[in-house]
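Student: Pasting a structure below so you can have a look.
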Amino acid sequence: MSGLSMQRVAPMSEAYVFFTFTHYLDAAVREGLQVIDVYGGAPHLWLEGWSADKSRRMREQIDSRGLSVCSYTPEQVAYAENIAAADDDLRRASVEYFRRHL
């Protein structure tokens, strides 16, 4: 394996759920990272009550630090989503949850 560079490392903001999104971005810059993975859960990008204005502010915060987003990962462990659920209602709700995130 050729050398792994910091340009290929993209930490998910989920590791910073006890901090603000701004703190996460500043830490990424401080560590010399260039790409990030945005966590789709509270408190960073929780879709309930989300707005276009919040998306704009988030994009501005990311761009102003010279970072780029390589992926977005919706929460899929701590919440009740389960696309393999035997219960039809839970499965339907889970599929809809992921569609909203797409």
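By order in the structure tokens, chains are A, B, ...; within a chain, residues start at 1; ligands start at 1, following the order shown.
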Give me, as a PyMOL selection string, all polymer residues having an atom no more than 8 Å from Arg8 of chain A, counting only C-alpha atoms and skipping those fewer than 3 positions away in the same chain.
Tutor: chain A and resi 4-5+35
Student: Could you save those same residues with C-alpha atoms as a PDB file, in the first residue's frame?
Tutor:
ATOM      1  CA  LEU A   4      -1.847   7.124   3.147  1.00  0.00           C
ATOM      2  CA  SER A   5      -2.081  10.893   3.085  1.00  0.00           C
ATOM      3  CA  VAL A  35     -12.326  16.348   3.167  1.00  0.00           C
TER       4      VAL A  35
END
Student: Step one, run DSSP on the backbone; step two, keep only residues of segment 50-102 of chain A assigned to helix (DSSP H, G or I); then write them as number ranges by chain.
Tutor: A: 52-64, 88-101
Student: Would you put the residues from that selection into a file with C-alpha atoms, as a PDB file, in the first residue's frame?
Tutor:
ATOM      1  CA  ALA A  52     -32.462  25.629   3.377  1.00  0.00           C
ATOM      2  CA  ASP A  53     -31.031  28.444   5.507  1.00  0.00           C
ATOM      3  CA  LYS A  54     -29.281  25.936   7.783  1.00  0.00           C
ATOM      4  CA  SER A  55     -27.871  24.188   4.697  1.00  0.00           C
ATOM      5  CA  ARG A  56     -26.529  27.504   3.372  1.00  0.00           C
ATOM      6  CA  ARG A  57     -24.869  28.353   6.683  1.00  0.00           C
ATOM      7  CA  MET A  58     -23.333  24.880   6.903  1.00  0.00           C
ATOM      8  CA  ARG A  59     -22.006  25.165   3.328  1.00  0.00           C
ATOM      9  CA  GLU A  60     -20.526  28.602   4.098  1.00  0.00           C
ATOM     10  CA  GLN A  61     -18.791  27.243   7.208  1.00  0.00           C
ATOM     11  CA  ILE A  62     -17.319  24.359   5.223  1.00  0.00           C
ATOM     12  CA  ASP A  63     -16.258  26.478   2.235  1.00  0.00           C
ATOM     13  CA  SER A  64     -14.707  29.229   4.370  1.00  0.00           C
ATOM     14  CA  ASP A  88     -43.886  -3.907   7.621  1.00  0.00           C
ATOM     15  CA  ASP A  89     -44.614  -0.539   9.270  1.00  0.00           C
ATOM     16  CA  LEU A  90     -41.092  -0.221  10.684  1.00  0.00           C
ATOM     17  CA  ARG A  91     -39.550  -1.262   7.375  1.00  0.00           C
ATOM     18  CA  ARG A  92     -41.676   1.267   5.446  1.00  0.00           C
ATOM     19  CA  ALA A  93     -40.796   4.034   7.899  1.00  0.00           C
ATOM     20  CA  SER A  94     -37.114   3.071   7.695  1.00  0.00           C
ATOM     21  CA  VAL A  95     -37.066   3.156   3.894  1.00  0.00           C
ATOM     22  CA  GLU A  96     -38.776   6.565   3.968  1.00  0.00           C
ATOM     23  CA  TYR A  97     -36.204   7.817   6.499  1.00  0.00           C
ATOM     24  CA  PHE A  98     -33.320   6.951   4.161  1.00  0.00           C
ATOM     25  CA  ARG A  99     -35.146   8.388   1.154  1.00  0.00           C
ATOM     26  CA  ARG A 100     -35.464  11.711   2.989  1.00  0.00           C
ATOM     27  CA  HIS A 101     -31.735  11.674   3.630  1.00  0.00           C
TER      28      HIS A 101
END
Student: I'd like the neighbourhood of Leu33 of chain A as a list of chain:residue names, where a residue qualifies if any of its atoms comes within 9 Å (using only C-alpha atoms), though same-chain residues fewer than 3 positions away should be ignored.
Tutor: A:Met6, A:Gln7, A:Arg8, A:Val9, A:Ala10, A:Pro11, A:Ala27, A:Ala28, A:Val29, A:Arg30, A:Ile36, A:Leu67
Student: I need the residue nearest Tyr16 of chain A from this list: A:Ala85, A:Leu102, A:Tyr39, A:Cys70. Use only C-alpha atoms for the distance.
Tutor: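 With only C-alpha atoms as the atom set, the closest residue is A:Tyr39.
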Student: Write out as a list in words the residues lying within 9 Å of Trp46 of chain A, counting only C-alpha atoms and excluding same-chain residues fewer than 5 positions away.
Tutor: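 Final neighbour list, sorted by chain and number: Tyr39, Gly40, Gly41, Pro74 and Glu75 of chain A.
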Student: For those residues, write all heavy atoms to a file as a PDB file, in the first residue's frame.
Tutor:
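Produced file selection04.pdb, reproduced below:
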ATOM      1  N   TYR A  39     -22.137  13.910   9.429  1.00  0.00           N
ATOM      2  CA  TYR A  39     -23.037  12.997  10.137  1.00  0.00           C
ATOM      3  C   TYR A  39     -24.469  13.496  10.034  1.00  0.00           C
ATOM      4  O   TYR A  39     -24.764  14.637  10.378  1.00  0.00           O
ATOM      5  CB  TYR A  39     -22.593  12.909  11.596  1.00  0.00           C
ATOM      6  CG  TYR A  39     -23.551  12.239  12.529  1.00  0.00           C
ATOM      7  CD1 TYR A  39     -23.925  10.913  12.348  1.00  0.00           C
ATOM      8  CD2 TYR A  39     -24.052  12.920  13.634  1.00  0.00           C
ATOM      9  CE1 TYR A  39     -24.780  10.287  13.232  1.00  0.00           C
ATOM     10  CE2 TYR A  39     -24.914  12.294  14.530  1.00  0.00           C
ATOM     11  CZ  TYR A  39     -25.276  10.995  14.319  1.00  0.00           C
ATOM     12  OH  TYR A  39     -26.122  10.371  15.194  1.00  0.00           O
ATOM     13  N   GLY A  40     -25.363  12.654   9.590  1.00  0.00           N
ATOM     14  CA  GLY A  40     -26.774  13.004   9.473  1.00  0.00           C
ATOM     15  C   GLY A  40     -27.549  12.659  10.720  1.00  0.00           C
ATOM     16  O   GLY A  40     -28.399  11.768  10.711  1.00  0.00           O
ATOM     17  N   GLY A  41     -27.235  13.334  11.785  1.00  0.00           N
ATOM     18  CA  GLY A  41     -27.936  13.124  13.047  1.00  0.00           C
ATOM     19  C   GLY A  41     -27.711  14.317  13.949  1.00  0.00           C
ATOM     20  O   GLY A  41     -26.902  15.205  13.649  1.00  0.00           O
ATOM     21  N   PRO A  74     -26.194   9.294   7.062  1.00  0.00           N
ATOM     22  CA  PRO A  74     -27.313   9.433   7.997  1.00  0.00           C
ATOM     23  C   PRO A  74     -27.178   8.451   9.154  1.00  0.00           C
ATOM     24  O   PRO A  74     -26.624   7.366   8.995  1.00  0.00           O
ATOM     25  CB  PRO A  74     -28.542   9.113   7.150  1.00  0.00           C
ATOM     26  CG  PRO A  74     -28.043   8.417   5.949  1.00  0.00           C
ATOM     27  CD  PRO A  74     -26.602   8.767   5.777  1.00  0.00           C
ATOM     28  N   GLU A  75     -27.674   8.866  10.305  1.00  0.00           N
ATOM     29  CA  GLU A  75     -27.670   7.992  11.479  1.00  0.00           C
ATOM     30  C   GLU A  75     -28.417   6.708  11.141  1.00  0.00           C
ATOM     31  O   GLU A  75     -29.485   6.734  10.542  1.00  0.00           O
ATOM     32  CB  GLU A  75     -28.343   8.681  12.667  1.00  0.00           C
ATOM     33  CG  GLU A  75     -28.520   7.798  13.874  1.00  0.00           C
ATOM     34  CD  GLU A  75     -27.238   7.150  14.347  1.00  0.00           C
ATOM     35  OE1 GLU A  75     -26.290   7.870  14.682  1.00  0.00           O
ATOM     36  OE2 GLU A  75     -27.174   5.911  14.364  1.00  0.00           O
TER      37      GLU A  75
END
Student: Record the distance separating atom CA of His23 of chain A and atom CA of Gly49 of chain A, expressed in Å with one decimal.
Tutor: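 Atom-to-atom, atom CA of His23 of chain A to atom CA of Gly49 of chain A, that is 21.8 Å.
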Student: When you draw a straight line from atom CA of Phe21 of chain A to atom CA of Tyr72 of chain A, how long is it in Å?
Tutor: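 Spanning atom CA of Phe21 of chain A to atom CA of Tyr72 of chain A is a straight-line distance of 13.9 Å.
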Student: Measure the distance from atom CA of Leu25 of chain A to atom CA of Gly66 of chain A in Å and round it to one decimal.
Tutor: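 According to the coordinates, atom CA of Leu25 of chain A and atom CA of Gly66 of chain A are separated by 10.0 Å.
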Student: Can you list, as a list in words, all residues belonging to segment 20-83 of chain A that DSSP tags as strand (DSSP E)?
Tutor: Val35, Ile36, Asp37, Val38, Tyr39, Gly40, Ser68, Val69, Cys70, Ser71, Tyr72, Thr73 and Pro74 of chain A
Student: Could the residues in this selection be saved with all heavy atoms as a compact mmCIF listing (two decimals), in the first residue's frame?
Tutor:
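So the final result, stored in part-v3.txt, reads:
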# COMPACT_ATOMS: atom_id res chain seq x y z
N VAL A 35 -10.99 16.86 3.45
CA VAL A 35 -12.33 16.35 3.17
C VAL A 35 -12.98 15.87 4.46
O VAL A 35 -12.29 15.44 5.39
CB VAL A 35 -12.30 15.21 2.12
CG1 VAL A 35 -11.87 15.72 0.77
CG2 VAL A 35 -11.41 14.07 2.57
N ILE A 36 -14.30 15.95 4.50
CA ILE A 36 -15.03 15.55 5.70
C ILE A 36 -16.23 14.70 5.32
O ILE A 36 -16.70 14.71 4.20
CB ILE A 36 -15.49 16.77 6.52
CG1 ILE A 36 -16.40 17.68 5.69
CG2 ILE A 36 -14.30 17.53 7.09
CD1 ILE A 36 -17.07 18.80 6.48
N ASP A 37 -16.72 13.97 6.32
CA ASP A 37 -17.94 13.17 6.21
C ASP A 37 -18.92 13.79 7.20
O ASP A 37 -18.66 13.82 8.40
CB ASP A 37 -17.63 11.72 6.57
CG ASP A 37 -18.85 10.80 6.57
OD1 ASP A 37 -19.99 11.30 6.43
OD2 ASP A 37 -18.65 9.60 6.72
N VAL A 38 -20.03 14.30 6.71
CA VAL A 38 -21.01 14.94 7.58
C VAL A 38 -21.98 13.90 8.12
O VAL A 38 -22.57 13.13 7.37
CB VAL A 38 -21.77 16.05 6.83
CG1 VAL A 38 -22.85 16.66 7.71
CG2 VAL A 38 -20.81 17.13 6.36
N TYR A 39 -22.14 13.91 9.43
CA TYR A 39 -23.04 13.00 10.14
C TYR A 39 -24.47 13.50 10.03
O TYR A 39 -24.76 14.64 10.38
CB TYR A 39 -22.59 12.91 11.60
CG TYR A 39 -23.55 12.24 12.53
CD1 TYR A 39 -23.93 10.91 12.35
CD2 TYR A 39 -24.05 12.92 13.63
CE1 TYR A 39 -24.78 10.29 13.23
CE2 TYR A 39 -24.91 12.29 14.53
CZ TYR A 39 -25.28 10.99 14.32
OH TYR A 39 -26.12 10.37 15.19
N GLY A 40 -25.36 12.65 9.59
CA GLY A 40 -26.77 13.00 9.47
C GLY A 40 -27.55 12.66 10.72
O GLY A 40 -28.40 11.77 10.71
N SER A 68 -13.96 20.20 1.85
CA SER A 68 -15.00 19.70 0.96
C SER A 68 -15.61 18.45 1.60
O SER A 68 -14.97 17.74 2.36
CB SER A 68 -14.46 19.39 -0.43
OG SER A 68 -13.49 18.38 -0.37
N VAL A 69 -16.87 18.22 1.27
CA VAL A 69 -17.60 17.08 1.79
C VAL A 69 -17.49 15.93 0.81
O VAL A 69 -17.84 16.07 -0.36
CB VAL A 69 -19.09 17.43 2.02
CG1 VAL A 69 -19.88 16.22 2.50
CG2 VAL A 69 -19.22 18.59 3.00
N CYS A 70 -16.98 14.79 1.27
CA CYS A 70 -16.88 13.63 0.39
C CYS A 70 -18.02 12.66 0.61
O CYS A 70 -18.32 11.84 -0.24
CB CYS A 70 -15.54 12.93 0.56
SG CYS A 70 -15.37 12.07 2.13
N SER A 71 -18.67 12.77 1.77
CA SER A 71 -19.79 11.88 2.03
C SER A 71 -20.70 12.43 3.12
O SER A 71 -20.30 13.29 3.91
CB SER A 71 -19.31 10.47 2.41
OG SER A 71 -18.53 10.52 3.58
N TYR A 72 -21.88 11.91 3.13
CA TYR A 72 -22.89 12.25 4.12
C TYR A 72 -23.43 10.92 4.63
O TYR A 72 -23.86 10.08 3.84
CB TYR A 72 -24.00 13.08 3.47
CG TYR A 72 -25.23 13.22 4.32
CD1 TYR A 72 -25.23 14.06 5.43
CD2 TYR A 72 -26.38 12.50 4.04
CE1 TYR A 72 -26.35 14.20 6.22
CE2 TYR A 72 -27.51 12.63 4.83
CZ TYR A 72 -27.50 13.47 5.91
OH TYR A 72 -28.60 13.60 6.69
N THR A 73 -23.40 10.72 5.93
CA THR A 73 -23.82 9.45 6.51
C THR A 73 -24.97 9.66 7.48
O THR A 73 -24.77 10.16 8.58
CB THR A 73 -22.65 8.77 7.24
OG1 THR A 73 -21.53 8.66 6.36
CG2 THR A 73 -23.04 7.40 7.75
N PRO A 74 -26.19 9.29 7.06
CA PRO A 74 -27.31 9.43 8.00
C PRO A 74 -27.18 8.45 9.15
O PRO A 74 -26.62 7.37 8.99
CB PRO A 74 -28.54 9.11 7.15
CG PRO A 74 -28.04 8.42 5.95
CD PRO A 74 -26.60 8.77 5.78
Student: Name the closest residue to Val17 of chain A among the candidates A:His44, A:Val77, A:Glu31, A:Gly3; distances are taken between atoms, counting only C-alpha atoms.
Tutor: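 Going through A:His44, A:Val77, A:Glu31, A:Gly3 one by one, the smallest distance to Val17 of chain A is for A:His44.
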